[in-house]
Amino acid sequence: MKILVTGTAGFIGNHLALKLLERGDEVIGIDNLNDYYDVNLKKSRLARVLDHANFTDVRADIADRETLEQLFRTHRPQRVVNLAAQAGVRYSIENPHAYIDSNIVGFINILEGCRHNGVEHLVYASSSSVYGANETMPFSVHDNVDHPLSLYAASKKANELMAHTYSNLYQLPTTGLRFFTVYGPWGRPDMALFLFTKAILDGKKIQVFNYGRHRRDFTYIDDIVEGVIRTLDTVAQPNPDWRGAKPDPGTSRAPWRVYNIGNQSPVELMKYIEVLEQALGKTAEKELLPLQPGDVPDTYADVEALVQDVGYKPCTQIEEGIARFVEWYKKYYKN
């Protein structure tokens with residue numbers, strides 16, 4: 001297939017592009033290489049796919065309407081995976097406008113491109129952050145998600161609503177994927193595993209929020225990519241049993257779906273740090289701090305809908321995933 005992947009210099013987008021190319025797909029990749037974090041890391045990721053005969057590199061911002069319109073007209077992708085976004089809960093408090101530009105304006109440009117160019121299926125990144133103040137564990141796609149705790153979370157919920165509108169009005173099949181704390185080689189430097197590893201190797205303190213008591217459903221990058229590909233290949237279908245009198249938040253009478261992709265095995269942050277210490281062979285000096293604004297205490301994915309519809313469940317344990325990350329980190333940064 002010919003597949004447009006946005007955010008191909010990003011953590012998930014780059015892994016996905018590589019996997020699609022390996023199985024024989026043609027990939028049109030778009031990224032603006034912004035400086036939210038180390039641009040050299042983004043360039044190193046891109047170098048893994050740039051020389052592939054079936055990869056087309058487009059250097060642009062999805063918020064640029066004219067460029068996106070031209071890209072869709074020129075390349076006519078059959079399917080689209082939108083992973084380009086301004087990420088990060090904490091940064092959304094400092095710079096809210098970046099989230100509107102990329103996650104809202106950029107996403108409407110993607111939806112319009114799909115609508116006007118006969119795209120068969122749009123898969124897009126949502127986030128476990130949409131569950132916000134929800135305290136029912138594990139988080140299910142059938143739960144209400146109307147109480148986000150950060151603008152980042154609100155922008156991802158908005159994406160799901162916008163996609164539903166296009167699925168309803170134009171019968172555009174769309175699938176939103178709520179990722180749960182993705183980690184692994186080539187990861188993002190603003191995330192805990194990266195920050196902890198660098199600090200421990202440099203002999204510096206690590207900042208441990210919520211006194212290390214919160215739990216995360218850490219999900220290894222290969223599991224995420226497998227889930228993305230399986231949902232991309234399974235075009236979203238209407239739920240014939242959906243009723244407005246008792247609406248199911250996870251499905252629709254339109255060709256619209258949302259899925260959790262998580263390990264379904266939450267780990268306390270202190271345990272995560274302990275496994276990292278073992279992989280590094282060094283003990284961390286810890287600074288215990290309260291929960292940060294916008295953060296949720298726990299995340300825990302119910303992946304039953306994913307298992308039922310695409311036959312897949314993430315399974316990589318943190319001991320294996322962290323060991324692979326540490327091996328990559330030491331090689332990449334020559335530690």
# chains A, B, ... in the order shown; residues from 1 in each chain; ligands from 1
$ residues_around --residues "stretch 318-326 of chain A" --least-positions-apart "6" --cutoff "7 Å" --atoms "only C-alpha atoms" --output "VMD selection string"
chain A and resid 184 to 185 220 275 to 276 279
$ write_last_selection --atoms "N, CA and C atoms" --output "tab-separated table (two decimals), in the first residue's frame"
chain	number	residue	atom	x	y	z
A	184	GLY	N	11.37	2.74	24.86
A	184	GLY	CA	12.21	1.82	24.09
A	184	GLY	C	13.31	2.56	23.36
A	185	PRO	N	14.15	1.83	22.58
A	185	PRO	CA	15.23	2.46	21.82
A	185	PRO	C	14.73	3.58	20.92
A	220	TYR	N	6.10	-1.16	25.44
A	220	TYR	CA	7.31	-1.19	24.63
A	220	TYR	C	7.00	-0.81	23.18
A	275	VAL	N	14.40	-1.59	38.13
A	275	VAL	CA	14.78	-2.39	36.96
A	275	VAL	C	15.82	-1.64	36.13
A	276	LEU	N	15.67	-0.32	36.01
A	276	LEU	CA	16.65	0.49	35.28
A	276	LEU	C	18.01	0.46	35.98
A	279	ALA	N	19.73	-2.71	35.15
A	279	ALA	CA	20.22	-2.74	33.77
A	279	ALA	C	21.49	-1.89	33.61
$ select_by_dssp --residues "stretch 50-129 of chain A" --states "strand (DSSP E)" --output "list in words"
Phe55, Thr56, Asp57, Val58, Arg59, Arg79, Val80, Val81, Asn82, His121, Leu122, Val123, Tyr124, Ala125, Ser126 and Ser127 of chain A
$ write_last_selection --atoms "N, CA and C atoms" --output "mmCIF file, in the first residue's frame"
data_model
loop_
_atom_site.group_PDB
_atom_site.id
_atom_site.type_symbol
_atom_site.label_atom_id
_atom_site.label_comp_id
_atom_site.auth_asym_id
_atom_site.auth_seq_id
_atom_site.Cartn_x
_atom_site.Cartn_y
_atom_site.Cartn_z
ATOM 1 N N PHE A 55 10.706 5.102 0.275
ATOM 2 C CA PHE A 55 10.429 6.172 1.234
ATOM 3 C C PHE A 55 10.573 7.538 0.579
ATOM 4 N N THR A 56 9.549 8.368 0.749
ATOM 5 C CA THR A 56 9.587 9.753 0.256
ATOM 6 C C THR A 56 9.574 10.677 1.460
ATOM 7 N N ASP A 57 10.593 11.534 1.565
ATOM 8 C CA ASP A 57 10.732 12.449 2.707
ATOM 9 C C ASP A 57 10.148 13.804 2.368
ATOM 10 N N VAL A 58 9.175 14.247 3.167
ATOM 11 C CA VAL A 58 8.575 15.578 2.992
ATOM 12 C C VAL A 58 8.850 16.383 4.256
ATOM 13 N N ARG A 59 9.544 17.491 4.109
ATOM 14 C CA ARG A 59 9.900 18.319 5.253
ATOM 15 C C ARG A 59 8.897 19.477 5.352
ATOM 16 N N ARG A 79 -3.829 5.009 2.610
ATOM 17 C CA ARG A 79 -4.110 5.058 4.050
ATOM 18 C C ARG A 79 -3.169 6.047 4.720
ATOM 19 N N VAL A 80 -3.583 6.525 5.883
ATOM 20 C CA VAL A 80 -2.828 7.574 6.585
ATOM 21 C C VAL A 80 -2.691 7.206 8.056
ATOM 22 N N VAL A 81 -1.481 7.402 8.592
ATOM 23 C CA VAL A 81 -1.258 7.278 10.040
ATOM 24 C C VAL A 81 -0.740 8.620 10.539
ATOM 25 N N ASN A 82 -1.531 9.306 11.348
ATOM 26 C CA ASN A 82 -1.134 10.619 11.860
ATOM 27 C C ASN A 82 -0.530 10.477 13.257
ATOM 28 N N HIS A 121 -8.588 4.684 5.032
ATOM 29 C CA HIS A 121 -8.580 4.523 6.492
ATOM 30 C C HIS A 121 -7.570 5.512 7.101
ATOM 31 N N LEU A 122 -8.000 6.245 8.103
ATOM 32 C CA LEU A 122 -7.117 7.123 8.866
ATOM 33 C C LEU A 122 -6.942 6.547 10.266
ATOM 34 N N VAL A 123 -5.693 6.294 10.639
ATOM 35 C CA VAL A 123 -5.351 5.892 12.010
ATOM 36 C C VAL A 123 -4.576 7.043 12.628
ATOM 37 N N TYR A 124 -4.897 7.417 13.855
ATOM 38 C CA TYR A 124 -4.242 8.583 14.464
ATOM 39 C C TYR A 124 -3.936 8.319 15.933
ATOM 40 N N ALA A 125 -2.917 9.019 16.418
ATOM 41 C CA ALA A 125 -2.494 8.863 17.808
ATOM 42 C C ALA A 125 -3.400 9.664 18.724
ATOM 43 N N SER A 126 -4.022 8.955 19.658
ATOM 44 C CA SER A 126 -4.647 9.610 20.795
ATOM 45 C C SER A 126 -3.726 9.356 21.985
ATOM 46 N N SER A 127 -4.247 9.289 23.195
ATOM 47 C CA SER A 127 -3.374 9.143 24.359
ATOM 48 C C SER A 127 -4.157 8.621 25.556
#
$ closest_residue --among "A:Arg76, A:Arg65, A:Lys19, A:Lys42" --to "A:Glu112" --atoms "only C-alpha atoms"
A:Arg65
$ closest_residue --among "A:Leu193, A:Cys315, A:Val307, A:Glu226" --to "A:Glu277" --atoms "only C-alpha atoms"
A:Leu193
$ closest_residue --among "A:Gln317, A:Asn117, A:Asn32, A:Thr197" --to "A:Lys282" --atoms "only C-alpha atoms"
A:Thr197
$ closest_residue --among "A:Phe11, A:Asn134, A:Leu232, A:Tyr91" --to "A:Val119" --atoms "only C-alpha atoms"
A:Leu232
$ select_by_dssp --residues "stretch 59-277 of chain A" --states "helix (DSSP H, G or I)" --output "number ranges by chain"
A: 65-75, 91-94, 96-116, 128-131, 151-170, 192-201, 209-212, 221-233, 269-277
$ write_last_selection --atoms "C-alpha atoms" --output "JSON list (two decimals), in the first residue's frame"
[["chain", "number", "residue", "atom", "x", "y", "z"],
["A", 65, "ARG", "CA", -2.77, 23.91, 5.06],
["A", 66, "GLU", "CA", -1.59, 24.61, 1.51],
["A", 67, "THR", "CA", 1.35, 22.21, 1.78],
["A", 68, "LEU", "CA", -0.89, 19.43, 3.13],
["A", 69, "GLU", "CA", -3.44, 19.95, 0.36],
["A", 70, "GLN", "CA", -0.67, 19.72, -2.26],
["A", 71, "LEU", "CA", 0.86, 16.65, -0.60],
["A", 72, "PHE", "CA", -2.42, 14.71, -0.67],
["A", 73, "ARG", "CA", -3.12, 15.72, -4.30],
["A", 74, "THR", "CA", 0.39, 14.74, -5.42],
["A", 75, "HIS", "CA", 0.87, 11.44, -3.59],
["A", 91, "TYR", "CA", 4.92, 21.43, 28.19],
["A", 92, "SER", "CA", 1.23, 22.05, 27.45],
["A", 93, "ILE", "CA", 1.09, 24.17, 30.60],
["A", 94, "GLU", "CA", 4.04, 26.29, 29.44],
["A", 96, "PRO", "CA", -0.51, 25.89, 25.06],
["A", 97, "HIS", "CA", -0.53, 27.49, 21.59],
["A", 98, "ALA", "CA", 1.85, 24.83, 20.24],
["A", 99, "TYR", "CA", -0.82, 22.21, 21.00],
["A", 100, "ILE", "CA", -3.55, 24.08, 19.16],
["A", 101, "ASP", "CA", -1.34, 24.60, 16.09],
["A", 102, "SER", "CA", -0.18, 21.01, 15.75],
["A", 103, "ASN", "CA", -2.84, 18.88, 17.42],
["A", 104, "ILE", "CA", -5.94, 20.82, 16.33],
["A", 105, "VAL", "CA", -5.08, 22.84, 13.19],
["A", 106, "GLY", "CA", -2.75, 20.10, 11.94],
["A", 107, "PHE", "CA", -5.35, 17.42, 12.54],
["A", 108, "ILE", "CA", -8.12, 19.21, 10.65],
["A", 109, "ASN", "CA", -5.72, 19.49, 7.70],
["A", 110, "ILE", "CA", -5.18, 15.72, 7.86],
["A", 111, "LEU", "CA", -8.92, 15.06, 8.03],
["A", 112, "GLU", "CA", -9.61, 17.33, 5.07],
["A", 113, "GLY", "CA", -6.83, 15.69, 3.06],
["A", 114, "CYS", "CA", -8.33, 12.27, 3.74],
["A", 115, "ARG", "CA", -11.85, 13.42, 2.95],
["A", 116, "HIS", "CA", -11.03, 14.98, -0.41],
["A", 128, "SER", "CA", -4.09, 7.50, 27.70],
["A", 129, "SER", "CA", -4.17, 11.10, 28.98],
["A", 130, "VAL", "CA", -7.76, 11.40, 27.73],
["A", 131, "TYR", "CA", -8.91, 9.37, 30.75],
["A", 151, "LEU", "CA", -4.51, 20.81, 27.43],
["A", 152, "TYR", "CA", -2.53, 17.99, 25.82],
["A", 153, "ALA", "CA", -5.21, 15.53, 26.94],
["A", 154, "ALA", "CA", -7.97, 17.88, 25.79],
["A", 155, "SER", "CA", -6.36, 18.18, 22.33],
["A", 156, "LYS", "CA", -6.30, 14.40, 21.99],
["A", 157, "LYS", "CA", -9.94, 14.09, 23.07],
["A", 158, "ALA", "CA", -10.71, 16.80, 20.50],
["A", 159, "ASN", "CA", -9.02, 14.67, 17.82],
["A", 160, "GLU", "CA", -11.33, 11.77, 18.64],
["A", 161, "LEU", "CA", -14.38, 14.04, 18.40],
["A", 162, "MET", "CA", -13.20, 15.63, 15.14],
["A", 163, "ALA", "CA", -12.53, 12.21, 13.63],
["A", 164, "HIS", "CA", -16.00, 11.04, 14.64],
["A", 165, "THR", "CA", -17.55, 13.99, 12.85],
["A", 166, "TYR", "CA", -15.75, 13.10, 9.60],
["A", 167, "SER", "CA", -16.60, 9.42, 9.98],
["A", 168, "ASN", "CA", -20.24, 10.39, 10.40],
["A", 169, "LEU", "CA", -20.50, 13.07, 7.71],
["A", 170, "TYR", "CA", -18.27, 11.56, 5.02],
["A", 192, "ALA", "CA", 11.24, 9.52, 32.33],
["A", 193, "LEU", "CA", 13.30, 6.56, 31.11],
["A", 194, "PHE", "CA", 15.57, 8.81, 29.02],
["A", 195, "LEU", "CA", 15.91, 11.44, 31.77],
["A", 196, "PHE", "CA", 16.59, 8.84, 34.45],
["A", 197, "THR", "CA", 19.19, 6.99, 32.38],
["A", 198, "LYS", "CA", 21.12, 10.15, 31.54],
["A", 199, "ALA", "CA", 21.08, 11.41, 35.15],
["A", 200, "ILE", "CA", 22.14, 8.05, 36.65],
["A", 201, "LEU", "CA", 25.03, 7.66, 34.19],
["A", 209, "PHE", "CA", 7.37, 12.71, 41.23],
["A", 210, "ASN", "CA", 4.45, 11.63, 43.41],
["A", 211, "TYR", "CA", 7.16, 10.20, 45.69],
["A", 212, "GLY", "CA", 7.45, 7.28, 43.26],
["A", 221, "ILE", "CA", 7.72, 0.46, 21.22],
["A", 222, "ASP", "CA", 7.57, -2.79, 19.21],
["A", 223, "ASP", "CA", 4.20, -3.62, 20.81],
["A", 224, "ILE", "CA", 2.90, -0.17, 19.91],
["A", 225, "VAL", "CA", 4.01, -0.49, 16.27],
["A", 226, "GLU", "CA", 2.45, -3.95, 15.93],
["A", 227, "GLY", "CA", -0.82, -2.55, 17.31],
["A", 228, "VAL", "CA", -0.71, 0.39, 14.88],
["A", 229, "ILE", "CA", -0.13, -1.86, 11.87],
["A", 230, "ARG", "CA", -2.87, -4.31, 12.84],
["A", 231, "THR", "CA", -5.41, -1.53, 13.28],
["A", 232, "LEU", "CA", -4.27, 0.14, 10.04],
["A", 233, "ASP", "CA", -4.94, -3.14, 8.22],
["A", 269, "LEU", "CA", 7.52, 4.06, 39.29],
["A", 270, "MET", "CA", 9.91, 2.89, 42.03],
["A", 271, "LYS", "CA", 9.88, -0.62, 40.53],
["A", 272, "TYR", "CA", 10.58, 0.82, 37.08],
["A", 273, "ILE", "CA", 13.58, 2.71, 38.50],
["A", 274, "GLU", "CA", 14.79, -0.44, 40.25],
["A", 275, "VAL", "CA", 14.78, -2.39, 36.96],
["A", 276, "LEU", "CA", 16.65, 0.49, 35.28],
["A", 277, "GLU", "CA", 19.25, 0.52, 38.06]]
$ residues_around --residues "A:Thr8" --least-positions-apart "4" --cutoff "6 Å" --atoms "only C-alpha atoms" --output "ChimeraX atom specification"
/A:13-14,29,31
$ write_last_selection --atoms "N, CA and C atoms" --output "PDB file, in the first residue's frame"
ATOM      1  N   GLY A  13       6.652   7.272  15.032  1.00  0.00           N
ATOM      2  CA  GLY A  13       6.544   7.397  13.581  1.00  0.00           C
ATOM      3  C   GLY A  13       7.714   6.781  12.847  1.00  0.00           C
ATOM      4  N   ASN A  14       8.918   6.939  13.400  1.00  0.00           N
ATOM      5  CA  ASN A  14      10.102   6.389  12.738  1.00  0.00           C
ATOM      6  C   ASN A  14      10.122   4.872  12.795  1.00  0.00           C
ATOM      7  N   GLY A  29       6.657  10.117   4.128  1.00  0.00           N
ATOM      8  CA  GLY A  29       6.857  10.569   5.503  1.00  0.00           C
ATOM      9  C   GLY A  29       6.940  12.078   5.586  1.00  0.00           C
ATOM     10  N   ASP A  31       7.592  15.403   8.296  1.00  0.00           N
ATOM     11  CA  ASP A  31       8.030  15.872   9.616  1.00  0.00           C
ATOM     12  C   ASP A  31       8.592  17.277   9.456  1.00  0.00           C
TER      13      ASP A  31
END
$ residues_around --residues "stretch 284-298 of chain A" --least-positions-apart "3" --cutoff "7 Å" --atoms "only C-alpha atoms" --output "PyMOL selection string"
chain A and resi 89-90+132+149-150+200+204-211+214-216+277
$ closest_residue --among "A:Gly203, A:Gly7, A:Gly262, A:Gly244" --to "A:Ile62" --atoms "only C-alpha atoms"
A:Gly7
$ residues_around --residues "A:Val303" --least-positions-apart "5" --cutoff "7 Å" --atoms "only C-alpha atoms" --output "PDB file with all heavy atoms, in the first residue's frame"
ATOM      1  N   ASN A 260      -7.333   1.183  23.184  1.00  0.00           N
ATOM      2  CA  ASN A 260      -6.175   1.323  24.054  1.00  0.00           C
ATOM      3  C   ASN A 260      -5.066   0.424  23.530  1.00  0.00           C
ATOM      4  O   ASN A 260      -5.317  -0.715  23.135  1.00  0.00           O
ATOM      5  CB  ASN A 260      -6.502   0.848  25.481  1.00  0.00           C
ATOM      6  CG  ASN A 260      -7.493   1.753  26.196  1.00  0.00           C
ATOM      7  OD1 ASN A 260      -7.550   2.950  25.954  1.00  0.00           O
ATOM      8  ND2 ASN A 260      -8.268   1.167  27.097  1.00  0.00           N
ATOM      9  N   ILE A 261      -3.831   0.931  23.533  1.00  0.00           N
ATOM     10  CA  ILE A 261      -2.668   0.071  23.319  1.00  0.00           C
ATOM     11  C   ILE A 261      -1.766   0.244  24.533  1.00  0.00           C
ATOM     12  O   ILE A 261      -1.032   1.226  24.648  1.00  0.00           O
ATOM     13  CB  ILE A 261      -1.907   0.380  22.020  1.00  0.00           C
ATOM     14  CG1 ILE A 261      -2.833   0.277  20.804  1.00  0.00           C
ATOM     15  CG2 ILE A 261      -0.754  -0.599  21.856  1.00  0.00           C
ATOM     16  CD1 ILE A 261      -2.127   0.405  19.475  1.00  0.00           C
ATOM     17  N   GLY A 262      -1.868  -0.681  25.463  1.00  0.00           N
ATOM     18  CA  GLY A 262      -1.089  -0.661  26.692  1.00  0.00           C
ATOM     19  C   GLY A 262      -0.704  -2.066  27.082  1.00  0.00           C
ATOM     20  O   GLY A 262      -1.250  -3.043  26.563  1.00  0.00           O
ATOM     21  N   GLN A 264      -1.237  -3.590  29.797  1.00  0.00           N
ATOM     22  CA  GLN A 264      -2.240  -4.185  30.685  1.00  0.00           C
ATOM     23  C   GLN A 264      -1.575  -4.738  31.956  1.00  0.00           C
ATOM     24  O   GLN A 264      -2.007  -5.737  32.533  1.00  0.00           O
ATOM     25  CB  GLN A 264      -3.026  -5.303  29.981  1.00  0.00           C
ATOM     26  CG  GLN A 264      -4.444  -5.450  30.518  1.00  0.00           C
ATOM     27  CD  GLN A 264      -5.299  -6.388  29.681  1.00  0.00           C
ATOM     28  OE1 GLN A 264      -4.831  -7.095  28.802  1.00  0.00           O
ATOM     29  NE2 GLN A 264      -6.596  -6.409  29.960  1.00  0.00           N
ATOM     30  N   LYS A 313      -2.352  -8.264  21.614  1.00  0.00           N
ATOM     31  CA  LYS A 313      -2.189  -7.693  22.949  1.00  0.00           C
ATOM     32  C   LYS A 313      -0.704  -7.492  23.225  1.00  0.00           C
ATOM     33  O   LYS A 313       0.087  -8.424  23.056  1.00  0.00           O
ATOM     34  CB  LYS A 313      -2.791  -8.632  24.003  1.00  0.00           C
ATOM     35  CG  LYS A 313      -2.692  -8.109  25.423  1.00  0.00           C
ATOM     36  CD  LYS A 313      -3.502  -8.945  26.398  1.00  0.00           C
ATOM     37  CE  LYS A 313      -2.818 -10.240  26.746  1.00  0.00           C
ATOM     38  NZ  LYS A 313      -3.462 -10.947  27.867  1.00  0.00           N
TER      39      LYS A 313
END
